[in-house]
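With compact mmCIF, C-alpha atoms inside, this is upload.txt:
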# COMPACT_ATOMS: atom_id res chain seq x y z
CA MET A 12 0.00 0.00 0.00
CA LYS A 13 1.23 3.49 -0.84
CA ILE A 14 0.15 6.98 0.22
CA THR A 15 -1.22 8.93 -2.74
CA GLY A 16 -2.30 12.23 -1.19
CA LEU A 17 -3.20 14.32 1.85
CA ARG A 18 -6.31 16.49 2.17
CA THR A 19 -7.12 19.03 4.87
CA PHE A 20 -10.48 20.27 6.16
CA LEU A 21 -10.39 23.46 8.23
CA MET A 22 -13.56 24.70 9.89
CA HIS A 23 -14.49 27.66 12.07
CA VAL A 24 -16.23 26.33 15.16
CA GLY A 25 -18.86 28.04 17.24
CA GLN A 26 -17.74 29.25 20.63
CA PRO A 27 -19.16 27.44 23.66
CA ASP A 28 -21.50 29.24 25.98
CA PRO A 29 -19.41 30.86 28.77
CA SER A 30 -21.25 28.74 31.34
CA LYS A 31 -19.83 25.61 29.69
CA TRP A 32 -16.20 26.74 29.51
CA ALA A 33 -13.86 26.56 32.51
CA SER A 34 -12.16 29.93 32.12
CA ASP A 35 -12.37 33.52 33.30
CA GLN A 36 -11.17 34.72 29.93
CA ARG A 37 -13.11 36.30 27.12
CA ALA A 38 -11.83 37.10 23.64
CA GLY A 39 -11.43 40.85 23.49
CA ASP A 40 -9.98 41.75 20.11
CA ALA A 41 -11.84 42.95 17.03
CA ALA A 42 -11.20 39.73 15.08
CA SER A 43 -12.82 37.64 17.80
CA LYS A 44 -15.93 39.79 17.78
CA GLN A 45 -16.11 39.77 14.00
CA PHE A 46 -15.87 36.02 13.68
CA GLY A 47 -17.83 35.07 16.78
CA GLY A 48 -14.79 33.41 18.32
CA THR A 49 -11.49 32.08 17.05
CA ARG A 50 -11.72 28.33 17.62
CA ASN A 51 -10.86 26.22 14.55
CA TRP A 52 -10.86 22.48 14.02
CA LEU A 53 -8.47 21.04 11.43
CA PHE A 54 -9.09 17.55 10.07
CA LEU A 55 -6.87 15.58 7.73
CA LYS A 56 -7.39 12.65 5.39
CA ILE A 57 -4.65 10.48 3.90
CA ASP A 58 -5.53 8.56 0.73
CA THR A 59 -3.88 5.35 -0.46
CA ASP A 60 -3.65 3.40 -3.72
CA GLU A 61 -5.74 0.59 -2.20
CA GLY A 62 -8.74 2.81 -1.55
CA ILE A 63 -8.28 2.99 2.21
CA THR A 64 -8.44 6.50 3.66
CA GLY A 65 -7.28 7.46 7.13
CA ILE A 66 -8.55 10.39 9.18
CA GLY A 67 -6.81 12.53 11.79
CA GLU A 68 -7.10 15.86 13.59
CA CYS A 69 -4.53 18.57 14.24
CA SER A 70 -4.40 21.28 16.87
CA GLY A 71 -1.72 23.75 18.02
CA TRP A 72 -2.75 26.77 15.87
CA PRO A 73 -4.82 25.04 13.18
CA ARG A 74 -4.60 27.69 10.43
CA VAL A 75 -0.80 27.56 10.57
CA VAL A 76 -0.70 23.78 11.02
CA GLU A 77 -2.63 23.35 7.77
CA THR A 78 0.28 24.96 5.89
CA ALA A 79 2.74 22.68 7.70
CA ILE A 80 0.80 19.59 6.61
CA HIS A 81 0.97 20.54 2.96
CA ASP A 82 4.67 21.25 3.35
CA LEU A 83 5.21 17.75 4.77
CA ALA A 84 3.04 16.00 2.18
CA PRO A 85 5.82 15.34 -0.40
CA LEU A 86 7.76 13.40 2.25
CA LEU A 87 4.85 11.00 2.67
CA ILE A 88 3.47 10.44 -0.82
CA GLY A 89 4.68 7.09 -2.12
CA GLU A 90 5.44 5.75 1.36
CA ASP A 91 3.85 2.69 2.93
CA PRO A 92 1.48 4.01 5.64
CA ALA A 93 2.02 0.94 7.82
CA HIS A 94 5.43 2.17 8.97
CA THR A 95 4.17 4.73 11.47
CA GLU A 96 7.33 4.96 13.58
CA ARG A 97 9.67 5.44 10.62
CA LEU A 98 7.40 8.06 9.05
CA TRP A 99 7.18 9.92 12.37
CA GLN A 100 10.97 10.01 12.58
CA LYS A 101 11.21 11.14 8.96
CA MET A 102 8.87 14.08 9.58
CA HIS A 103 10.67 14.99 12.79
CA ILE A 104 14.11 15.27 11.23
CA ALA A 105 12.66 17.11 8.24
CA MET A 106 11.49 19.90 10.55
CA MET A 107 14.51 20.09 12.83
CA GLY A 108 16.22 22.67 10.63
CA HIS A 109 13.49 25.13 11.58
CA GLY A 110 14.34 24.87 15.28
CA MET A 111 13.05 22.95 18.26
CA LEU A 112 9.76 21.23 17.61
CA GLY A 113 6.78 23.10 19.06
CA THR A 114 3.06 22.60 18.99
CA VAL A 115 2.72 23.72 15.34
CA GLY A 116 5.04 20.97 14.14
CA GLY A 117 3.63 18.63 16.75
CA GLY A 118 0.10 19.41 15.61
CA ALA A 119 0.95 18.66 11.98
CA MET A 120 2.57 15.34 12.83
CA THR A 121 -0.31 14.49 15.18
CA GLY A 122 -2.96 14.56 12.49
CA ILE A 123 -0.77 12.66 10.04
CA ASP A 124 0.22 10.04 12.59
CA MET A 125 -3.40 9.62 13.72
CA ALA A 126 -4.51 9.04 10.14
CA LEU A 127 -1.74 6.48 9.60
CA TRP A 128 -2.95 4.48 12.63
CA ASP A 129 -6.49 4.70 11.24
CA ILE A 130 -5.32 3.29 7.90
CA LYS A 131 -3.46 0.47 9.61
CA GLY A 132 -6.48 -0.50 11.67
CA LYS A 133 -8.77 -0.43 8.65
CA ALA A 134 -6.32 -2.50 6.57
CA LEU A 135 -6.13 -5.15 9.30
CA GLY A 136 -9.82 -4.93 10.18
CA VAL A 137 -9.21 -4.11 13.86
CA PRO A 138 -9.71 -1.07 16.12
CA VAL A 139 -6.69 1.08 16.92
CA TRP A 140 -6.84 -0.01 20.56
CA MET A 141 -6.07 -3.57 19.41
CA LEU A 142 -2.90 -2.30 17.73
CA LEU A 143 -1.91 -0.58 20.99
CA GLY A 144 -2.01 -3.80 23.01
CA GLY A 145 -5.70 -4.53 23.44
CA LYS A 146 -8.24 -3.29 25.94
CA VAL A 147 -7.61 -2.62 29.59
CA ARG A 148 -11.14 -1.19 29.94
CA ASP A 149 -14.36 -1.03 27.93
CA ARG A 150 -15.58 2.41 29.05
CA ILE A 151 -13.77 5.69 29.64
CA PRO A 152 -14.80 8.10 32.43
CA ILE A 153 -15.11 11.75 31.46
CA TYR A 154 -15.19 15.11 33.16
CA SER A 155 -16.79 18.31 31.93
CA HIS A 156 -16.46 22.03 32.69
CA ALA A 157 -18.47 23.97 35.27
CA ASN A 158 -17.87 27.43 36.69
CA THR A 159 -21.23 27.80 38.43
CA PRO A 160 -23.28 25.66 40.83
CA GLU A 161 -26.11 25.55 38.29
CA ARG A 162 -23.89 24.10 35.58
CA ALA A 163 -22.27 21.66 38.03
CA LEU A 164 -25.61 20.36 39.27
CA ALA A 165 -26.89 19.98 35.70
CA LEU A 166 -23.87 17.82 34.87
CA LYS A 167 -24.32 15.83 38.06
CA ALA A 168 -27.93 15.14 37.07
CA ARG A 169 -26.63 13.67 33.78
CA GLY A 170 -24.47 11.19 35.70
CA ILE A 171 -21.15 12.99 35.23
CA LYS A 172 -19.05 12.45 38.33
CA ALA A 173 -16.22 14.95 37.82
CA ILE A 174 -16.00 18.61 36.82
CA LYS A 175 -13.32 21.21 36.22
CA CYS A 176 -13.61 24.91 36.89
CA GLY A 177 -11.07 27.46 35.73
CA GLY A 178 -9.50 30.87 35.91
CA VAL A 179 -7.35 32.82 38.33
CA ALA A 180 -9.80 35.61 39.18
CA ASP A 181 -11.31 34.13 42.36
CA PRO A 182 -10.34 30.47 42.57
CA VAL A 183 -10.80 29.69 46.27
CA ARG A 184 -14.31 31.06 46.43
CA LYS A 185 -15.20 29.38 43.13
CA VAL A 186 -14.07 25.96 44.34
CA ALA A 187 -15.74 26.44 47.72
CA THR A 188 -19.04 27.36 46.07
CA LEU A 189 -18.91 24.34 43.77
CA ARG A 190 -18.02 21.98 46.62
CA ASP A 191 -20.90 23.30 48.69
CA ALA A 192 -23.25 22.72 45.75
CA VAL A 193 -22.26 19.22 44.63
CA GLY A 194 -21.22 17.71 47.95
CA ASP A 195 -18.52 15.15 48.45
CA ASP A 196 -19.59 12.62 45.82
CA MET A 197 -18.32 14.59 42.82
CA ASP A 198 -14.68 15.22 41.94
CA ILE A 199 -13.57 18.79 41.29
CA ALA A 200 -10.44 20.00 39.51
CA ILE A 201 -9.37 23.56 38.78
CA ASP A 202 -7.40 24.91 35.85
CA LEU A 203 -5.35 27.99 36.78
CA HIS A 204 -4.27 28.70 33.21
CA GLY A 205 -3.20 32.25 32.47
CA PRO A 206 -3.08 34.93 31.51
CA PRO A 207 -1.94 36.04 33.87
CA TRP A 208 -0.02 33.09 35.21
CA LEU A 209 0.60 33.03 38.93
CA THR A 210 4.13 33.48 40.21
CA PRO A 211 5.47 30.38 41.99
CA ALA A 212 5.12 32.09 45.39
CA ASP A 213 1.48 32.95 44.72
CA ALA A 214 0.80 29.48 43.33
CA CYS A 215 2.20 27.87 46.49
CA ARG A 216 -0.02 30.04 48.68
CA LEU A 217 -3.09 29.36 46.53
CA VAL A 218 -2.62 25.61 46.33
CA ARG A 219 -2.32 25.45 50.12
CA ALA A 220 -5.60 27.35 50.38
CA LEU A 221 -7.24 24.78 48.09
CA GLU A 222 -6.09 21.76 50.12
CA PRO A 223 -9.27 21.45 52.25
CA TYR A 224 -11.44 20.86 49.16
CA GLU A 225 -9.72 17.56 48.23
CA LEU A 226 -9.38 18.41 44.55
CA MET A 227 -8.81 15.86 41.81
CA TRP A 228 -5.99 18.14 40.69
CA VAL A 229 -4.75 21.72 40.32
CA GLU A 230 -3.85 22.30 36.67
CA ASP A 231 -1.26 24.63 35.16
CA PRO A 232 -0.78 26.86 38.22
CA ILE A 233 2.27 28.61 36.69
CA ALA A 234 3.59 29.39 33.23
CA PRO A 235 4.50 26.16 31.39
CA GLU A 236 8.14 27.17 30.90
CA ASN A 237 8.69 27.43 34.66
CA ILE A 238 9.48 23.77 35.25
CA ASP A 239 11.44 24.37 38.46
CA GLY A 240 8.50 26.27 39.91
CA TYR A 241 6.52 23.03 40.05
CA ARG A 242 8.96 21.67 42.61
CA ARG A 243 8.26 24.66 44.86
CA ILE A 244 4.52 24.06 44.61
CA ARG A 245 4.84 20.33 45.23
CA ASP A 246 6.93 20.97 48.35
CA ALA A 247 4.44 23.57 49.61
CA ALA A 248 1.16 21.66 49.48
CA HIS A 249 -0.38 18.20 49.30
CA VAL A 250 -2.62 18.58 46.26
CA PRO A 251 -2.29 16.60 43.01
CA LEU A 252 -0.76 18.72 40.25
CA ALA A 253 -1.51 18.41 36.53
CA ALA A 254 0.15 19.93 33.44
CA GLY A 255 1.47 19.18 29.97
CA GLU A 256 -1.17 20.31 27.47
CA ARG A 257 1.06 22.95 25.87
CA SER A 258 4.02 20.68 25.12
CA ALA A 259 4.56 18.28 22.25
CA THR A 260 6.26 14.86 22.14
CA ILE A 261 8.06 12.85 24.80
CA PHE A 262 10.80 15.46 24.77
CA GLY A 263 8.41 18.24 25.73
CA GLU A 264 6.80 16.20 28.54
CA ARG A 265 10.03 14.59 29.77
CA GLU A 266 10.97 16.89 32.65
CA LEU A 267 7.50 17.00 34.16
CA ILE A 268 7.49 13.20 34.21
CA GLU A 269 11.09 12.32 35.04
CA LYS A 270 11.32 14.90 37.85
CA GLU A 271 7.89 13.73 39.10
CA LEU A 272 6.62 17.30 39.21
CA VAL A 273 3.04 16.34 38.38
CA ASP A 274 0.64 13.59 39.41
CA VAL A 275 -1.35 13.81 36.19
CA ILE A 276 0.16 14.36 32.75
CA GLN A 277 -2.09 16.02 30.16
CA PRO A 278 -0.72 15.86 26.62
CA ASP A 279 -3.11 17.34 24.07
CA THR A 280 -4.47 14.65 21.76
CA GLY A 281 -4.33 17.07 18.82
CA ARG A 282 -0.81 18.44 19.17
CA ALA A 283 1.32 16.07 21.29
CA GLY A 284 2.75 14.29 18.25
CA GLY A 285 0.15 11.65 17.49
CA ILE A 286 -0.84 8.27 18.85
CA THR A 287 2.77 7.16 18.41
CA GLN A 288 3.92 9.79 20.92
CA MET A 289 0.91 9.56 23.24
CA LYS A 290 1.59 5.86 23.81
CA LYS A 291 5.22 6.62 24.66
CA ILE A 292 4.26 9.48 26.99
CA ALA A 293 1.86 7.16 28.79
CA ALA A 294 4.61 4.55 29.22
CA MET A 295 7.04 7.15 30.59
CA ALA A 296 4.38 8.32 33.02
CA GLU A 297 3.53 4.78 34.11
CA ALA A 298 7.14 4.20 35.15
CA HIS A 299 6.78 7.15 37.55
CA HIS A 300 3.28 6.24 38.78
CA ILE A 301 1.81 9.29 37.03
CA GLN A 302 -1.71 9.13 35.63
CA MET A 303 -2.77 10.14 32.12
CA ALA A 304 -5.67 12.55 31.45
CA PRO A 305 -5.39 13.87 27.87
CA HIS A 306 -6.26 17.51 27.27
CA SER A 307 -9.25 17.87 24.97
CA GLY A 308 -10.95 21.11 25.93
CA SER A 309 -10.72 22.88 22.58
CA LEU A 310 -10.44 19.87 20.27
CA GLY A 311 -12.84 18.41 17.77
CA PRO A 312 -14.41 14.96 17.75
CA VAL A 313 -11.78 13.03 15.75
CA ALA A 314 -9.08 13.71 18.35
CA GLU A 315 -11.60 12.58 20.95
CA TYR A 316 -11.90 9.21 19.19
CA ALA A 317 -8.11 8.87 19.22
CA ALA A 318 -8.05 9.60 22.95
CA LEU A 319 -10.68 6.90 23.58
CA HIS A 320 -8.55 4.28 21.82
CA LEU A 321 -5.45 5.31 23.74
CA LEU A 322 -7.16 5.38 27.14
CA ALA A 323 -8.68 1.98 26.47
CA ALA A 324 -5.24 0.44 26.03
CA ILE A 325 -3.04 2.00 28.73
CA PRO A 326 -3.01 1.02 32.42
CA ASN A 327 -2.55 4.53 33.83
CA ALA A 328 -5.57 6.16 32.18
CA LEU A 329 -7.36 8.42 34.64
CA ILE A 330 -10.10 10.34 32.85
CA LEU A 331 -10.89 12.21 29.60
CA GLU A 332 -11.81 15.87 29.30
CA ARG A 333 -15.02 16.22 27.30
CA LEU A 334 -17.28 19.11 26.29
CA ASP A 335 -19.95 17.21 24.43
CA ASP A 336 -22.39 20.14 24.53
CA ASP A 337 -19.97 22.97 23.73
CA TRP A 338 -21.38 23.62 20.24
CA ASP A 339 -24.44 22.18 18.50
CA GLY A 340 -22.45 21.50 15.34
CA ARG A 341 -20.17 18.99 17.07
CA ARG A 342 -22.68 16.17 16.63
CA GLN A 343 -23.09 16.96 12.94
CA THR A 344 -19.35 17.07 12.32
CA ILE A 345 -18.64 13.44 13.25
CA VAL A 346 -20.18 10.11 12.25
CA PRO A 347 -21.02 8.40 14.54
CA HIS A 348 -21.14 10.79 17.48
CA PRO A 349 -19.94 9.01 20.64
CA GLU A 350 -22.62 8.77 23.29
CA GLN A 351 -21.96 8.90 27.00
CA VAL A 352 -23.99 7.23 29.72
CA ASP A 353 -23.57 8.11 33.39
CA GLY A 354 -20.29 9.92 32.75
CA LEU A 355 -18.77 7.06 30.73
CA ILE A 356 -18.12 6.57 26.99
CA ALA A 357 -17.98 3.14 25.41
CA VAL A 358 -14.71 2.41 23.62
CA PRO A 359 -15.20 2.30 19.80
CA ASN A 360 -14.98 -1.15 18.23
CA GLY A 361 -14.96 -0.36 14.51
CA PRO A 362 -11.84 -0.81 12.35
CA GLY A 363 -9.29 1.95 12.74
CA LEU A 364 -10.56 4.90 14.73
CA GLY A 365 -14.12 4.01 13.77
CA CYS A 366 -15.28 7.48 12.74
CA ASP A 367 -15.49 9.90 9.82
CA ILE A 368 -16.37 13.56 9.31
CA ASP A 369 -19.24 15.00 7.31
CA GLU A 370 -17.17 16.86 4.72
CA ALA A 371 -20.13 18.84 3.39
CA PHE A 372 -21.02 20.06 6.89
CA VAL A 373 -17.41 21.04 7.63
CA ALA A 374 -17.23 23.01 4.38
CA ARG A 375 -20.15 25.19 5.54
CA PHE A 376 -17.89 26.82 8.16
CA PRO A 377 -14.80 28.32 6.48
CA SER A 378 -12.12 29.64 8.80
CA GLY A 379 -12.21 33.35 9.48
CA GLY A 380 -9.55 33.80 12.14
CA ASN A 381 -7.54 31.84 14.65
CA VAL A 382 -5.93 34.29 17.09
CA SER A 383 -7.29 36.46 19.88
CA VAL A 384 -6.05 38.54 22.77
CA PRO A 385 -7.78 37.18 25.88
CA GLN A 386 -9.04 39.65 28.43
CA GLY A 387 -9.04 38.68 32.06
CA ALA A 388 -12.67 39.18 33.12
CA GLY A 389 -11.29 40.04 36.55
CA ALA A 390 -8.22 37.80 36.31
CA TYR A 391 -5.82 40.76 36.10
CA ASN A 392 -5.18 43.08 38.99
CA PRO A 393 -7.53 46.10 38.67
CA GLY A 394 -6.40 48.60 36.07
CA THR A 395 -3.86 46.31 34.37
CA ASP A 396 -5.96 44.58 31.67
CA ASN A 397 -4.36 46.61 28.88
CA GLU A 398 -0.86 45.55 29.95
CA HIS A 399 -1.59 42.00 28.68
CA LEU A 400 0.82 40.48 31.19
CA TYR A 401 1.97 36.88 30.92
CA VAL A 402 2.72 36.54 34.67
CA GLN A 403 1.43 38.76 37.46
CA THR A 404 1.74 38.82 41.25
CA ARG A 405 -1.58 38.85 43.07
CA GLN A 406 -2.65 42.00 44.90
CA SER A 407 -5.29 42.31 47.64
CA ARG A 408 -3.73 39.13 48.91
CA ARG A 409 -5.69 38.62 52.10
CA SER A 410 -8.94 38.62 50.17
CA TYR A 411 -7.57 36.64 47.22
CA PHE A 412 -6.19 33.66 49.13
CA ASN A 413 -9.08 33.22 51.55
CA ARG A 414 -12.65 32.15 51.03

Show how you would write the structure in this file as structure tokens.
Amino acid sequence: MKITGLRTFLMHVGQPDPSKWASDQRAGDAASKQFGGTRNWLFLKIDTDEGITGIGECSGWPRVVETAIHDLAPLLIGEDPAHTERLWQKMHIAMMGHGMLGTVGGGAMTGIDMALWDIKGKALGVPVWMLLGGKVRDRIPIYSHANTPERALALKARGIKAIKCGGVADPVRKVATLRDAVGDDMDIAIDLHGPPWLTPADACRLVRALEPYELMWVEDPIAPENIDGYRRIRDAAHVPLAAGERSATIFGERELIEKELVDVIQPDTGRAGGITQMKKIAAMAEAHHIQMAPHSGSLGPVAEYAALHLLAAIPNALILERLDDDWDGRRQTIVPHPEQVDGLIAVPNGPGLGCDIDEAFVARFPSGGNVSVPQGAGAYNPGTDNEHLYVQTRQSRRSYFNR
């Protein structure tokens, strides 16, 4: 079998209702307002001379990643798609002259690698999870986003047993309010993603304040480049830490895992480097007793399918992030749409990934923009929104760190 071509499908996706998105941020630039948001999904199909087509999804700045895919295409045409590891290595060294691999390159290789695994599964007539070692579990637990008691209770009523809130504007009071609403029988996590990121000193103080709420994890409390800062936080408080969504490949996740700076590793299923890399990241994490919870908050449904196959086959799978009701068009984008029951999704059993996109539906939503300048919605210290700071020390500290 030989690869004959690569096709990309870029779509502009509707923004989720703020009540369904775990963030304090709002898009504040003119482009965001013009286009109704800046979220894009990028899908990819790889065609072969035997009529088998594989599908994948790419994240990590989709409009730019699409260009990267077409730049990589000549390296792949004429190759046997079965050799996923060799083709991954070939793409990697082809890009090294441009500098260290980031999430744009990782996103391009992710969609390609995902589609190659899909082709292999279809050619052999087995699901991707079978190629990864077979099933450890038949159903995958999920968590969703909730920033208000009303949203949290609505999810609880649907059988979802874990939620994540987000933002750095008022985290202790937000967590306390949610815990009071849902009680002790629902897990809560919080994502402290910037901007502005907390300084390590502020993150230590905040995580200590969150200890009484027995969180599932505290996610991204400091800027992702500040690896050493995670050691300070770990030494300061006894709360599980999670991170890793902004890095690509085993090389990007290595320090968090090898230094045991997190309890939960969160590679993004659309930009971590593909199923080939996700399986390796999971194995690295397993050796350090670290759990795997792939990031999926802004991704489309094909990457979700890939995550289901991976989590079915690895022993240290914890949970999958899922916003199944973020946009009405999600269900029309994918065939079939995975259904969840009582906070669990059945692992797909069809050959390959077991899904396809509705190309005509995707084509109805051409991309109009893919960047925005987030505004803090109270996350910045008063009067500093226009500074657009990456990291900021908290002011009004007595109020901020106490319920």

(request) Record the distance separating CA of Ser155 (chain A) and CA of Glu266 (chain A), expressed in Å with one decimal. (result) 27.8 Å

(request) Would you kindly return, as a ChimeraX atom specification, each protein, DNA or RNA residue with an atom no farther than 12 Å from any atom of Gly62 (chain A), considering all atoms listed in the file and excluding same-chain residues fewer than 4 positions away? (result) /A:12-16,57-58,130,133-134

(message) If we count only C-alpha atoms and set the cut-off at 7 Å, which residues sit around Met227 (chain A), ignoring sequence neighbours fewer than 2 positions away in its own chain? Please answer as number ranges by chain.
(response) A: 198-200, 225, 251

(request) Please identify all polymer residues within 7 Å of Cys215 (chain A), counting all atoms listed in the file, omitting same-chain residues fewer than 2 positions from it, and present them as an MDAnalysis selection string. (result) chainID A and resid 211:213 217:219 244 247:248

(message) Please determine, counting only C-alpha atoms, which residue among A:Ala318, A:Val179, A:Ile153, A:Ala254 has the shortest atom-to-atom distance to Tyr391 (chain A).
(response)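 Of A:Ala318, A:Val179, A:Ile153, A:Ala254, the one nearest Tyr391 (chain A), counting only C-alpha atoms, is A:Val179.
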
Would you kindly return, as a short mmCIF file (atom, residue, chain, number, x, y, z; two decimals) with C-alpha atoms, keeping the file's coordinate frame, each protein, DNA or RNA residue with an atom no farther than 10 Å from any atom of Lys291 (chain A), considering all atoms listed in the file and excluding same-chain residues fewer than 5 positions away?
data_model
loop_
_atom_site.label_atom_id
_atom_site.label_comp_id
_atom_site.auth_asym_id
_atom_site.auth_seq_id
_atom_site.Cartn_x
_atom_site.Cartn_y
_atom_site.Cartn_z
CA THR A 260 6.26 14.86 22.14
CA ILE A 261 8.06 12.85 24.80
CA ILE A 286 -0.84 8.27 18.85
CA ALA A 296 4.38 8.32 33.02
CA GLU A 297 3.53 4.78 34.11
#

(message) Nearest residue to Thr159 (chain A) out of A:Ile201, A:Leu226, A:Ala33, A:Met120, using only C-alpha atoms?
(response)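 Under the stated criterion, the closest residue is A:Ala33.
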
(request) Enter the distance from CA of Gly48 (chain A) to CA of Asn381 (chain A), in Å, rounded to one decimal. (result)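 That distance, rounded to one decimal, is 8.3 Å.
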
(request) Go through A:Gln351, A:Gln288, A:Asn51, A:Asn158 one by one, measure the shortest atom-to-atom distance of each to Arg265 (chain A) using all atoms listed in the file, and give the residue with the smallest value. (result)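 Among the listed residues, A:Gln288 lies closest to Arg265 (chain A).
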
(message) For a quick check of understanding, using only C-alpha atoms, which of A:Trp338, A:Phe376, A:Tyr401, A:Phe262 has the smallest distance to His103 (chain A)?
(response)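 Of A:Trp338, A:Phe376, A:Tyr401, A:Phe262, the one nearest His103 (chain A) is A:Phe262, counting only C-alpha atoms.
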
Output as CSV one row per residue of region 154-206 of chain A within 12 Å of region 402-413 of chain A: the closest atom pair and its distance in Å to one decimal place, counting all atoms listed in the file, sorted by chain and residue number ascending.
residue,atom,partner,partner_atom,distance
A:Val179,CA,A:Arg405,CA,9.6
A:Ala180,CA,A:Tyr411,CA,8.4
A:Asp181,CA,A:Tyr411,CA,6.6
A:Pro182,CA,A:Tyr411,CA,8.2
A:Val183,CA,A:Asn413,CA,6.6
A:Arg184,CA,A:Asn413,CA,7.6
A:Lys185,CA,A:Asn413,CA,11.1
A:Val186,CA,A:Asn413,CA,11.4
A:Ala187,CA,A:Asn413,CA,10.2
A:Leu203,CA,A:Val402,CA,11.9
A:His204,CA,A:Val402,CA,10.6
A:Gly205,CA,A:Val402,CA,7.6
A:Pro206,CA,A:Val402,CA,6.8

(message) Restricting the calculation to all atoms listed in the file: of A:Tyr241, A:Phe20, A:Trp99, A:Trp140, which residue gets closest to Gly67 (chain A)?
(response)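 Comparing A:Tyr241, A:Phe20, A:Trp99, A:Trp140 against Gly67 (chain A), the winner is A:Phe20.
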
(request) Using CA of Pro385 (chain A) and CA of Arg50 (chain A) as the two end points, give the distance in Å to one decimal. (result)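 So the two atoms, CA of Pro385 (chain A) and CA of Arg50 (chain A), lie 12.7 Å apart.
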
(request) May I have the residues within 9 Å of region 353-360 of chain A as a list of chain:residue names, using only C-alpha atoms and disregarding those fewer than 6 positions away in the same chain? (result)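 In the requested format, the answer is A:Val137, A:Pro138, A:Val139, A:Trp140, A:Lys146, A:Arg148, A:Asp149, A:Arg150, A:Ile151, A:Pro152, A:Ile153, A:Tyr154, A:Leu166, A:Lys167, A:Arg169, A:Gly170, A:Ile171, A:Lys172, A:Ala173, A:Tyr316, A:Leu319, A:His320, A:Leu322, A:Ala323, A:Cys366.
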
(message) Ranking A:Thr49, A:Gln386, A:Ser258, A:Thr287 by minimum distance to Gly113 (chain A) and counting all atoms listed in the file, which one comes first?
(response)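 Under the stated criterion, the closest residue is A:Ser258.
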
Within 10 Å of (10.3, 12.0, 1.4), in the coordinates the file gives, what residues turn up when you count all atoms listed in the file, written out as a PDB file with C-alpha atoms, in the coordinates of the input?
ATOM      1  CA  LEU A  83       5.210  17.750   4.770  1.00  0.00           C
ATOM      2  CA  ALA A  84       3.040  16.000   2.180  1.00  0.00           C
ATOM      3  CA  PRO A  85       5.820  15.340  -0.400  1.00  0.00           C
ATOM      4  CA  LEU A  86       7.760  13.400   2.250  1.00  0.00           C
ATOM      5  CA  LEU A  87       4.850  11.000   2.670  1.00  0.00           C
ATOM      6  CA  ILE A  88       3.470  10.440  -0.820  1.00  0.00           C
ATOM      7  CA  GLY A  89       4.680   7.090  -2.120  1.00  0.00           C
ATOM      8  CA  GLU A  90       5.440   5.750   1.360  1.00  0.00           C
ATOM      9  CA  LEU A  98       7.400   8.060   9.050  1.00  0.00           C
ATOM     10  CA  LYS A 101      11.210  11.140   8.960  1.00  0.00           C
ATOM     11  CA  MET A 102       8.870  14.080   9.580  1.00  0.00           C
ATOM     12  CA  ALA A 105      12.660  17.110   8.240  1.00  0.00           C
TER      13      ALA A 105
END
